[in-house]
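target_9.txt (compact mmCIF, C-alpha atoms and all ligand atoms) appears below.
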```
# COMPACT_ATOMS: atom_id res chain seq x y z
CA LEU A 1 0.00 0.00 0.00
CA ARG A 2 1.01 3.63 -0.61
CA HIS A 3 0.09 6.31 1.91
CA ALA A 4 -1.00 9.95 1.71
CA LEU A 5 -1.46 12.58 4.40
CA VAL A 6 -3.89 15.34 3.41
CA THR A 7 -4.99 18.36 5.45
CA GLY A 8 -8.38 19.99 4.96
CA THR A 9 -10.14 16.80 3.84
CA SER A 10 -13.51 17.88 5.26
CA SER A 11 -14.23 20.46 2.54
CA GLY A 12 -13.26 22.07 -0.74
CA ILE A 13 -9.89 21.46 -2.37
CA GLY A 14 -8.53 19.02 0.24
CA LEU A 15 -11.74 17.01 0.11
CA ALA A 16 -11.70 16.88 -3.70
CA ILE A 17 -8.06 15.74 -3.76
CA ALA A 18 -8.58 13.02 -1.13
CA ALA A 19 -11.81 11.77 -2.75
CA LEU A 20 -10.29 11.57 -6.25
CA LEU A 21 -7.16 9.77 -5.06
CA LEU A 22 -9.18 7.22 -3.07
CA ARG A 23 -11.41 6.62 -6.11
CA ARG A 24 -8.53 6.19 -8.55
CA HIS A 25 -5.85 4.42 -6.52
CA HIS A 26 -7.01 1.28 -4.77
CA ASP A 27 -3.53 0.73 -3.33
CA LEU A 28 -3.58 4.10 -1.53
CA THR A 29 -4.60 4.98 2.02
CA VAL A 30 -5.44 8.59 2.88
CA THR A 31 -5.17 10.06 6.36
CA GLY A 32 -7.08 13.32 6.68
CA LEU A 33 -6.39 16.11 9.17
CA SER A 34 -9.11 18.67 9.84
CA ARG A 35 -11.34 19.58 12.76
CA SER A 36 -14.50 17.94 11.36
CA ALA A 37 -14.57 14.59 9.58
CA GLY A 38 -16.60 15.63 6.53
CA PRO A 39 -18.14 13.48 3.80
CA LEU A 40 -15.26 10.95 3.57
CA ALA A 41 -15.86 9.64 7.11
CA GLY A 42 -16.19 5.87 7.13
CA GLN A 43 -14.88 5.44 3.59
CA GLU A 44 -12.59 2.49 2.91
CA ARG A 45 -8.85 3.30 3.12
CA PHE A 46 -9.64 6.73 4.65
CA SER A 47 -8.82 7.64 8.26
CA HIS A 48 -9.77 10.96 9.78
CA TRP A 49 -7.60 12.22 12.63
CA PRO A 50 -9.44 15.20 14.16
CA THR A 51 -6.88 18.01 14.38
CA ASP A 52 -6.94 21.74 14.92
CA LEU A 53 -3.92 22.77 12.87
CA THR A 54 -3.54 26.00 14.84
CA ASP A 55 -2.39 23.73 17.69
CA LEU A 56 1.21 23.10 16.63
CA GLU A 57 1.90 20.47 19.29
CA ALA A 58 -1.09 18.44 18.10
CA THR A 59 -0.03 18.91 14.47
CA ALA A 60 3.50 17.67 15.12
CA SER A 61 2.24 14.68 17.06
CA ARG A 62 -0.05 13.68 14.17
CA ALA A 63 2.93 13.72 11.82
CA ARG A 64 4.99 11.58 14.17
CA ARG A 65 2.10 9.13 14.60
CA PHE A 66 1.85 8.86 10.80
CA GLY A 67 5.53 7.94 10.56
CA GLN A 68 5.22 5.35 13.31
CA GLN A 69 1.83 3.77 12.56
CA VAL A 70 1.07 4.26 8.87
CA GLY A 71 4.29 4.02 6.85
CA PRO A 72 6.35 5.97 4.31
CA CYS A 73 4.42 8.98 3.04
CA GLY A 74 4.22 9.10 -0.77
CA LEU A 75 2.09 12.24 -0.82
CA LEU A 76 1.69 15.13 1.62
CA VAL A 77 -1.01 17.65 0.71
CA CYS A 78 -1.38 20.80 2.81
CA ALA A 79 -4.75 22.17 1.71
CA ALA A 80 -6.27 23.35 5.00
CA GLY A 81 -6.44 27.11 5.23
CA ARG A 82 -8.71 30.08 5.52
CA GLY A 83 -9.10 33.57 4.16
CA GLY A 84 -9.68 36.76 6.11
CA PHE A 85 -10.30 39.62 3.70
CA VAL A 86 -10.87 42.44 6.17
CA PRO A 87 -9.36 45.88 6.77
CA THR A 88 -5.93 45.42 8.29
CA ASP A 89 -6.77 47.46 11.39
CA SER A 90 -9.46 44.94 12.34
CA TRP A 91 -6.93 42.17 13.09
CA GLY A 92 -6.19 41.42 16.74
CA ALA A 93 -3.24 39.44 18.11
CA GLN A 94 -5.09 36.15 18.57
CA ASP A 95 -6.82 36.14 15.18
CA LEU A 96 -3.66 37.11 13.35
CA ASN A 97 -1.66 34.44 15.10
CA ALA A 98 -4.28 31.81 14.25
CA LEU A 99 -4.29 32.84 10.56
CA VAL A 100 -0.51 32.71 10.22
CA THR A 101 -0.30 29.44 12.13
CA LEU A 102 -2.94 27.71 10.02
CA ASN A 103 -1.87 29.02 6.59
CA LEU A 104 1.89 29.09 6.99
CA THR A 105 3.40 27.62 10.16
CA ALA A 106 1.37 24.39 10.15
CA PRO A 107 2.31 23.44 6.54
CA MET A 108 5.98 24.24 7.25
CA LEU A 109 5.88 22.17 10.44
CA LEU A 110 4.19 19.26 8.67
CA CYS A 111 6.90 19.30 5.99
CA ALA A 112 9.58 19.39 8.68
CA GLU A 113 8.08 16.52 10.63
CA MET A 114 7.19 14.45 7.56
CA LEU A 115 10.49 14.73 5.68
CA PRO A 116 11.98 11.46 6.99
CA SER A 117 8.79 9.62 5.99
CA LEU A 118 8.67 11.39 2.58
CA ARG A 119 12.29 10.51 1.83
CA GLN A 120 11.60 6.89 2.73
CA ALA A 121 8.81 6.72 0.12
CA GLN A 122 11.34 7.41 -2.70
CA GLY A 123 9.78 9.83 -5.19
CA ALA A 124 7.25 11.43 -2.84
CA LEU A 125 5.31 14.57 -3.70
CA VAL A 126 4.53 17.49 -1.37
CA VAL A 127 1.61 19.69 -2.44
CA LEU A 128 1.35 23.10 -0.81
CA VAL A 129 -1.89 24.90 -1.61
CA GLY A 130 -1.02 28.56 -1.93
CA SER A 131 -3.00 31.20 -3.77
CA THR A 132 -2.69 33.78 -6.51
CA SER A 133 -2.96 36.22 -3.55
CA GLY A 134 0.56 35.21 -2.57
CA ARG A 135 1.83 36.46 -5.92
CA GLU A 136 -0.09 39.67 -6.37
CA ARG A 137 -1.66 42.48 -4.38
CA ALA A 138 -4.88 41.44 -2.66
CA ALA A 139 -7.37 44.14 -1.74
CA LEU A 140 -8.26 43.84 1.97
CA GLY A 141 -6.19 40.66 2.09
CA ALA A 142 -2.81 41.95 3.23
CA ALA A 143 -2.39 39.42 6.04
CA TYR A 144 -3.78 36.51 3.98
CA ALA A 145 -1.52 37.43 1.05
CA ALA A 146 1.46 37.53 3.41
CA THR A 147 0.79 33.96 4.57
CA LYS A 148 0.53 32.73 0.98
CA GLY A 149 3.58 34.73 -0.13
CA GLY A 150 5.50 33.11 2.71
CA LEU A 151 4.35 29.69 1.55
CA ALA A 152 5.56 30.44 -2.00
CA SER A 153 8.99 31.29 -0.71
CA PHE A 154 9.06 28.21 1.52
CA ALA A 155 8.04 25.92 -1.36
CA GLU A 156 10.79 27.12 -3.67
CA SER A 157 13.55 26.82 -1.10
CA LEU A 158 12.24 23.49 0.16
CA PHE A 159 12.54 22.01 -3.32
CA MET A 160 16.16 23.19 -3.54
CA GLU A 161 16.78 21.14 -0.42
CA THR A 162 14.76 18.03 -1.27
CA ARG A 163 15.40 17.54 -4.98
CA LYS A 164 18.42 15.35 -4.28
CA GLN A 165 16.34 13.39 -1.78
CA LYS A 166 13.75 12.42 -4.42
CA VAL A 167 11.05 14.58 -2.86
CA ARG A 168 9.19 16.90 -5.24
CA VAL A 169 7.29 20.03 -4.24
CA LEU A 170 4.18 21.28 -6.03
CA HIS A 171 3.19 24.78 -5.02
CA LEU A 172 -0.35 25.08 -6.33
CA CYS A 173 -1.62 28.66 -6.60
CA PRO A 174 -5.30 28.73 -7.48
CA GLY A 175 -7.32 31.84 -8.10
CA MET A 176 -10.99 31.95 -7.19
CA THR A 177 -12.20 28.39 -6.63
CA ASP A 178 -15.77 27.31 -6.03
CA THR A 179 -15.66 26.07 -2.41
CA ALA A 180 -16.96 27.05 1.04
CA PHE A 181 -13.91 29.36 1.38
CA HIS A 182 -16.01 32.41 0.46
CA ASP A 183 -18.91 31.64 2.81
CA VAL A 184 -17.41 33.94 5.46
CA GLU A 185 -15.96 36.52 3.06
CA ARG A 186 -17.47 39.71 1.62
CA PHE A 187 -17.11 38.37 -1.90
CA GLY A 188 -17.43 35.19 -3.89
CA PRO A 189 -17.38 34.03 -7.48
CA GLU A 190 -20.06 35.41 -9.76
CA GLU A 191 -22.73 32.96 -10.84
CA GLY A 192 -22.12 31.32 -14.16
CA PRO A 193 -19.48 29.28 -15.90
CA GLU A 194 -15.78 30.07 -16.03
CA THR A 195 -15.58 32.58 -13.16
CA ALA A 196 -14.24 30.05 -10.68
CA LEU A 197 -11.97 27.02 -10.77
CA MET A 198 -13.44 23.66 -9.78
CA ALA A 199 -11.87 21.80 -6.86
CA ASP A 200 -12.21 18.54 -8.82
CA ASP A 201 -10.06 19.97 -11.64
CA LEU A 202 -7.35 20.91 -9.15
CA ALA A 203 -7.55 17.38 -7.73
CA ASP A 204 -7.08 15.94 -11.22
CA LEU A 205 -3.98 18.09 -11.63
CA VAL A 206 -2.53 16.88 -8.33
CA ASP A 207 -3.05 13.30 -9.47
CA TYR A 208 -1.28 14.10 -12.76
CA PHE A 209 1.82 15.06 -10.78
CA PHE A 210 1.39 12.31 -8.18
CA ALA A 211 0.77 9.30 -10.41
CA GLY A 212 0.54 10.49 -14.05
CA PRO A 213 3.21 11.65 -16.52
CA GLY A 214 3.74 14.67 -14.26
CA ARG A 215 5.61 12.50 -11.79
CA ARG A 216 8.71 12.99 -13.95
CA MET A 217 8.52 16.79 -13.49
CA ASN A 218 8.72 19.19 -10.60
CA PRO A 219 6.03 21.86 -10.80
CA THR A 220 7.50 24.19 -8.17
CA GLY A 221 4.97 26.96 -8.82
CA LEU A 222 1.74 26.53 -10.77
CA ILE A 223 -0.65 29.45 -11.12
CA LEU A 224 -4.19 28.53 -12.12
CA GLU A 225 -6.87 31.08 -12.82
CA PRO A 226 -10.43 30.94 -14.06
CA GLN A 227 -10.93 32.06 -17.65
CA ARG A 228 -13.05 35.03 -16.62
CA VAL A 229 -12.76 37.51 -13.78
CA GLY A 230 -16.13 37.55 -12.03
CA VAL A 231 -16.28 38.69 -8.43
CA ARG A 232 -19.61 39.08 -6.68
CA LYS A 233 -19.71 41.45 -3.70
CA LYS A 234 -22.05 40.49 -0.88
CA ARG A 235 -24.06 42.83 1.34
CA GLN A 236 -24.17 40.61 4.41
CA VAL A 237 -21.42 38.32 5.62
CA ALA A 238 -21.94 35.52 8.10
CA ARG A 239 -18.80 35.59 10.26
CA PRO A 240 -18.31 32.48 12.41
N1 LIG B 1 -11.46 28.76 -2.64
C1 LIG B 1 -10.65 29.64 -3.17
O1 LIG B 1 -11.06 30.54 -3.93
C2 LIG B 1 -9.17 29.55 -2.92
C3 LIG B 1 -8.31 30.27 -3.76
C4 LIG B 1 -6.96 30.22 -3.54
C5 LIG B 1 -6.46 29.43 -2.52
N2 LIG B 1 -7.30 28.74 -1.72
C6 LIG B 1 -6.70 27.95 -0.64
O2 LIG B 1 -7.17 26.63 -0.73
C7 LIG B 1 -7.09 26.00 0.55
C8 LIG B 1 -8.36 25.23 0.79
O3 LIG B 1 -9.45 26.12 0.84
P1 LIG B 1 -10.86 25.69 0.26
O4 LIG B 1 -11.17 26.62 -0.85
O5 LIG B 1 -10.91 24.23 0.01
O6 LIG B 1 -11.78 26.12 1.51
P2 LIG B 1 -12.81 25.29 2.39
O7 LIG B 1 -13.79 24.56 1.54
O8 LIG B 1 -13.33 26.30 3.37
O9 LIG B 1 -11.90 24.21 3.16
C9 LIG B 1 -11.01 24.58 4.17
C10 LIG B 1 -10.46 23.34 4.82
O10 LIG B 1 -9.49 23.74 5.82
C11 LIG B 1 -9.80 23.11 7.05
N3 LIG B 1 -9.46 23.95 8.19
C12 LIG B 1 -9.81 25.25 8.41
N4 LIG B 1 -9.38 25.64 9.62
C13 LIG B 1 -8.75 24.57 10.17
C14 LIG B 1 -8.10 24.33 11.41
N5 LIG B 1 -7.99 25.30 12.35
N6 LIG B 1 -7.56 23.11 11.65
C15 LIG B 1 -7.67 22.14 10.72
N7 LIG B 1 -8.25 22.29 9.54
C16 LIG B 1 -8.79 23.49 9.27
C17 LIG B 1 -11.31 22.91 7.02
O11 LIG B 1 -11.66 21.83 7.88
P3 LIG B 1 -12.41 21.99 9.30
O12 LIG B 1 -13.25 23.23 9.23
O13 LIG B 1 -13.19 20.71 9.42
O14 LIG B 1 -11.32 22.07 10.30
C18 LIG B 1 -11.52 22.53 5.55
O15 LIG B 1 -11.32 21.16 5.37
C19 LIG B 1 -6.81 27.14 1.54
O16 LIG B 1 -5.45 27.08 1.93
C20 LIG B 1 -7.08 28.39 0.77
O17 LIG B 1 -6.29 29.47 1.21
C21 LIG B 1 -8.64 28.77 -1.89
```
File written out as structure tokens:
Amino acid sequence: LRHALVTGTSSGIGLAIAALLLRRHHDLTVTGLSRSAGPLAGQERFSHWPTDLTDLEATASRARRFGQQVGPCGLLVCAAGRGGFVPTDSWGAQDLNALVTLNLTAPMLLCAEMLPSLRQAQGALVVLVGSTSGRERAALGAAYAATKGGLASFAESLFMETRKQKVRVLHLCPGMTDTAFHDVERFGPEEGPETALMADDLADLVDYFFAGPGRRMNPTGLILEPQRVGVRKKRQVARP
């Protein structure tokens, strides 16, 4: 059996990636880290380990448990994350710390803790889900963009370090994608085709680099954008 560790498997991009891989690869187990179990709960070859990734001790211990109990990690996907498109002066210390920890520190820590297991798998792939916001200016998203810009920089340097160790790094930078991500934001994709990427298409792309012809290439930075720009502003936002 081959083994994958995926964060954010309860929703959106992480869920789409885990579901597609489980469907296509019957020799693959997927361990999912997120707070809630989501639709994959109970599925064959899928284990959900409830984890709040803003708790770095818990995150590190999950990685160590994977190495000890599951086996060499052929695929690490860090998809869990959140937005936070608000005026910069509305951030407080706790919120800001939680955002940076979830979007940047937790993926870096998971890579650090998982490297021995990734090297053991010989030809493993790390997928870091960044954003176009990490590459360009994001209105009302200064803090979010900073976390994703940090991830971009981490991904590129990490690959310099791991290329000789047969570990590849895919830094996936999607633009607007049709997921629950925007439920708590002041904007979302406009109705209609082509204004948002589909999480299933991103999952297909990950599989291309994990098990398809893409496994012979290292896609350090891949920017994916919908064909059309279509942003819908909302009047009311439900903040959790
Ligand atoms: N959608 C977009 O337009 C878009 C564009 C560019 C980049 N991205 C990036 O894509 C990634 C996935 O977002 P998505 O669009 O799939 O959003 P989503 O549907 O809201 O999914 C977010 C995932 O992250 C997990 N998560 C959130 N907080 C967590 C925490 N404290 N601990 C553990 N897991 C946590 C959620 O699980 P639980 O709530 O169960 O914990 C969920 O599985 C994010 O990194 C986001 O920045 C999204």
Kindly provide, as an NGL selection string, all nucleotide and amino acid residues lying within 8 Å of ligand LIG 1 (chain B), counting only C-alpha atoms and all ligand atoms. :A and (7-15 or 33-38 or 50-55 or 78-83 or 98 or 102-103 or 129-133 or 144 or 148 or 173-183 or 188 or 196-197 or 199)
The selected residues should be written to file as a PDB file, in the frame of the given file (atoms: C-alpha atoms).
```
ATOM      1  CA  THR A   7      -4.990  18.360   5.450  1.00  0.00           C
ATOM      2  CA  GLY A   8      -8.380  19.990   4.960  1.00  0.00           C
ATOM      3  CA  THR A   9     -10.140  16.800   3.840  1.00  0.00           C
ATOM      4  CA  SER A  10     -13.510  17.880   5.260  1.00  0.00           C
ATOM      5  CA  SER A  11     -14.230  20.460   2.540  1.00  0.00           C
ATOM      6  CA  GLY A  12     -13.260  22.070  -0.740  1.00  0.00           C
ATOM      7  CA  ILE A  13      -9.890  21.460  -2.370  1.00  0.00           C
ATOM      8  CA  GLY A  14      -8.530  19.020   0.240  1.00  0.00           C
ATOM      9  CA  LEU A  15     -11.740  17.010   0.110  1.00  0.00           C
ATOM     10  CA  LEU A  33      -6.390  16.110   9.170  1.00  0.00           C
ATOM     11  CA  SER A  34      -9.110  18.670   9.840  1.00  0.00           C
ATOM     12  CA  ARG A  35     -11.340  19.580  12.760  1.00  0.00           C
ATOM     13  CA  SER A  36     -14.500  17.940  11.360  1.00  0.00           C
ATOM     14  CA  ALA A  37     -14.570  14.590   9.580  1.00  0.00           C
ATOM     15  CA  GLY A  38     -16.600  15.630   6.530  1.00  0.00           C
ATOM     16  CA  PRO A  50      -9.440  15.200  14.160  1.00  0.00           C
ATOM     17  CA  THR A  51      -6.880  18.010  14.380  1.00  0.00           C
ATOM     18  CA  ASP A  52      -6.940  21.740  14.920  1.00  0.00           C
ATOM     19  CA  LEU A  53      -3.920  22.770  12.870  1.00  0.00           C
ATOM     20  CA  THR A  54      -3.540  26.000  14.840  1.00  0.00           C
ATOM     21  CA  ASP A  55      -2.390  23.730  17.690  1.00  0.00           C
ATOM     22  CA  CYS A  78      -1.380  20.800   2.810  1.00  0.00           C
ATOM     23  CA  ALA A  79      -4.750  22.170   1.710  1.00  0.00           C
ATOM     24  CA  ALA A  80      -6.270  23.350   5.000  1.00  0.00           C
ATOM     25  CA  GLY A  81      -6.440  27.110   5.230  1.00  0.00           C
ATOM     26  CA  ARG A  82      -8.710  30.080   5.520  1.00  0.00           C
ATOM     27  CA  GLY A  83      -9.100  33.570   4.160  1.00  0.00           C
ATOM     28  CA  ALA A  98      -4.280  31.810  14.250  1.00  0.00           C
ATOM     29  CA  LEU A 102      -2.940  27.710  10.020  1.00  0.00           C
ATOM     30  CA  ASN A 103      -1.870  29.020   6.590  1.00  0.00           C
ATOM     31  CA  VAL A 129      -1.890  24.900  -1.610  1.00  0.00           C
ATOM     32  CA  GLY A 130      -1.020  28.560  -1.930  1.00  0.00           C
ATOM     33  CA  SER A 131      -3.000  31.200  -3.770  1.00  0.00           C
ATOM     34  CA  THR A 132      -2.690  33.780  -6.510  1.00  0.00           C
ATOM     35  CA  SER A 133      -2.960  36.220  -3.550  1.00  0.00           C
ATOM     36  CA  TYR A 144      -3.780  36.510   3.980  1.00  0.00           C
ATOM     37  CA  LYS A 148       0.530  32.730   0.980  1.00  0.00           C
ATOM     38  CA  CYS A 173      -1.620  28.660  -6.600  1.00  0.00           C
ATOM     39  CA  PRO A 174      -5.300  28.730  -7.480  1.00  0.00           C
ATOM     40  CA  GLY A 175      -7.320  31.840  -8.100  1.00  0.00           C
ATOM     41  CA  MET A 176     -10.990  31.950  -7.190  1.00  0.00           C
ATOM     42  CA  THR A 177     -12.200  28.390  -6.630  1.00  0.00           C
ATOM     43  CA  ASP A 178     -15.770  27.310  -6.030  1.00  0.00           C
ATOM     44  CA  THR A 179     -15.660  26.070  -2.410  1.00  0.00           C
ATOM     45  CA  ALA A 180     -16.960  27.050   1.040  1.00  0.00           C
ATOM     46  CA  PHE A 181     -13.910  29.360   1.380  1.00  0.00           C
ATOM     47  CA  HIS A 182     -16.010  32.410   0.460  1.00  0.00           C
ATOM     48  CA  ASP A 183     -18.910  31.640   2.810  1.00  0.00           C
ATOM     49  CA  GLY A 188     -17.430  35.190  -3.890  1.00  0.00           C
ATOM     50  CA  ALA A 196     -14.240  30.050 -10.680  1.00  0.00           C
ATOM     51  CA  LEU A 197     -11.970  27.020 -10.770  1.00  0.00           C
ATOM     52  CA  ALA A 199     -11.870  21.800  -6.860  1.00  0.00           C
TER      53      ALA A 199
END
```
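Residues surrounding Arg65 (chain A) within 12 Å are Leu5, Thr31, Trp49, Ala58, Thr59, Ala60, Ser61, Gln69, Val70, Gly71, Pro72, Cys73, Leu110, Glu113, Met114 and Ser117 of chain A [only C-alpha atoms; sequence separation below 4 positions excluded].
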Nearest to Arg64 (chain A), chosen from A:Ile17, A:Leu115, A:Val100, A:Val30, with all atoms listed in the file counted in the distances: A:Leu115
Applying 12 Å and only C-alpha atoms, which residues near Arg186 (chain A) remain after dropping the ones on its own chain fewer than 3 positions away? List them as number ranges by chain. A: 83-87, 139-141, 181-183, 189, 231-239
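In this structure, CA of Leu151 (chain A) sits 27.8 Å away from CA of Pro39 (chain A).
Nearest to Ala138 (chain A) of all the residues A:Thr88, A:Gly230, A:Arg216, A:Asp207 is A:Thr88, based on all atoms listed in the file.
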Could you tell me, as a PyMOL selection string, which residues have any atom at most 10 Å from (5.1, 32.9, 0.4), counting all atoms listed in the file? chain A and resi 104+130-131+133-135+145-156+171
For Val167 (chain A), which of A:Ala16, A:Ala121, A:Val229, A:Ile223 is the closest residue, counting all atoms listed in the file?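 Under the stated criterion, the closest residue is A:Ala121.
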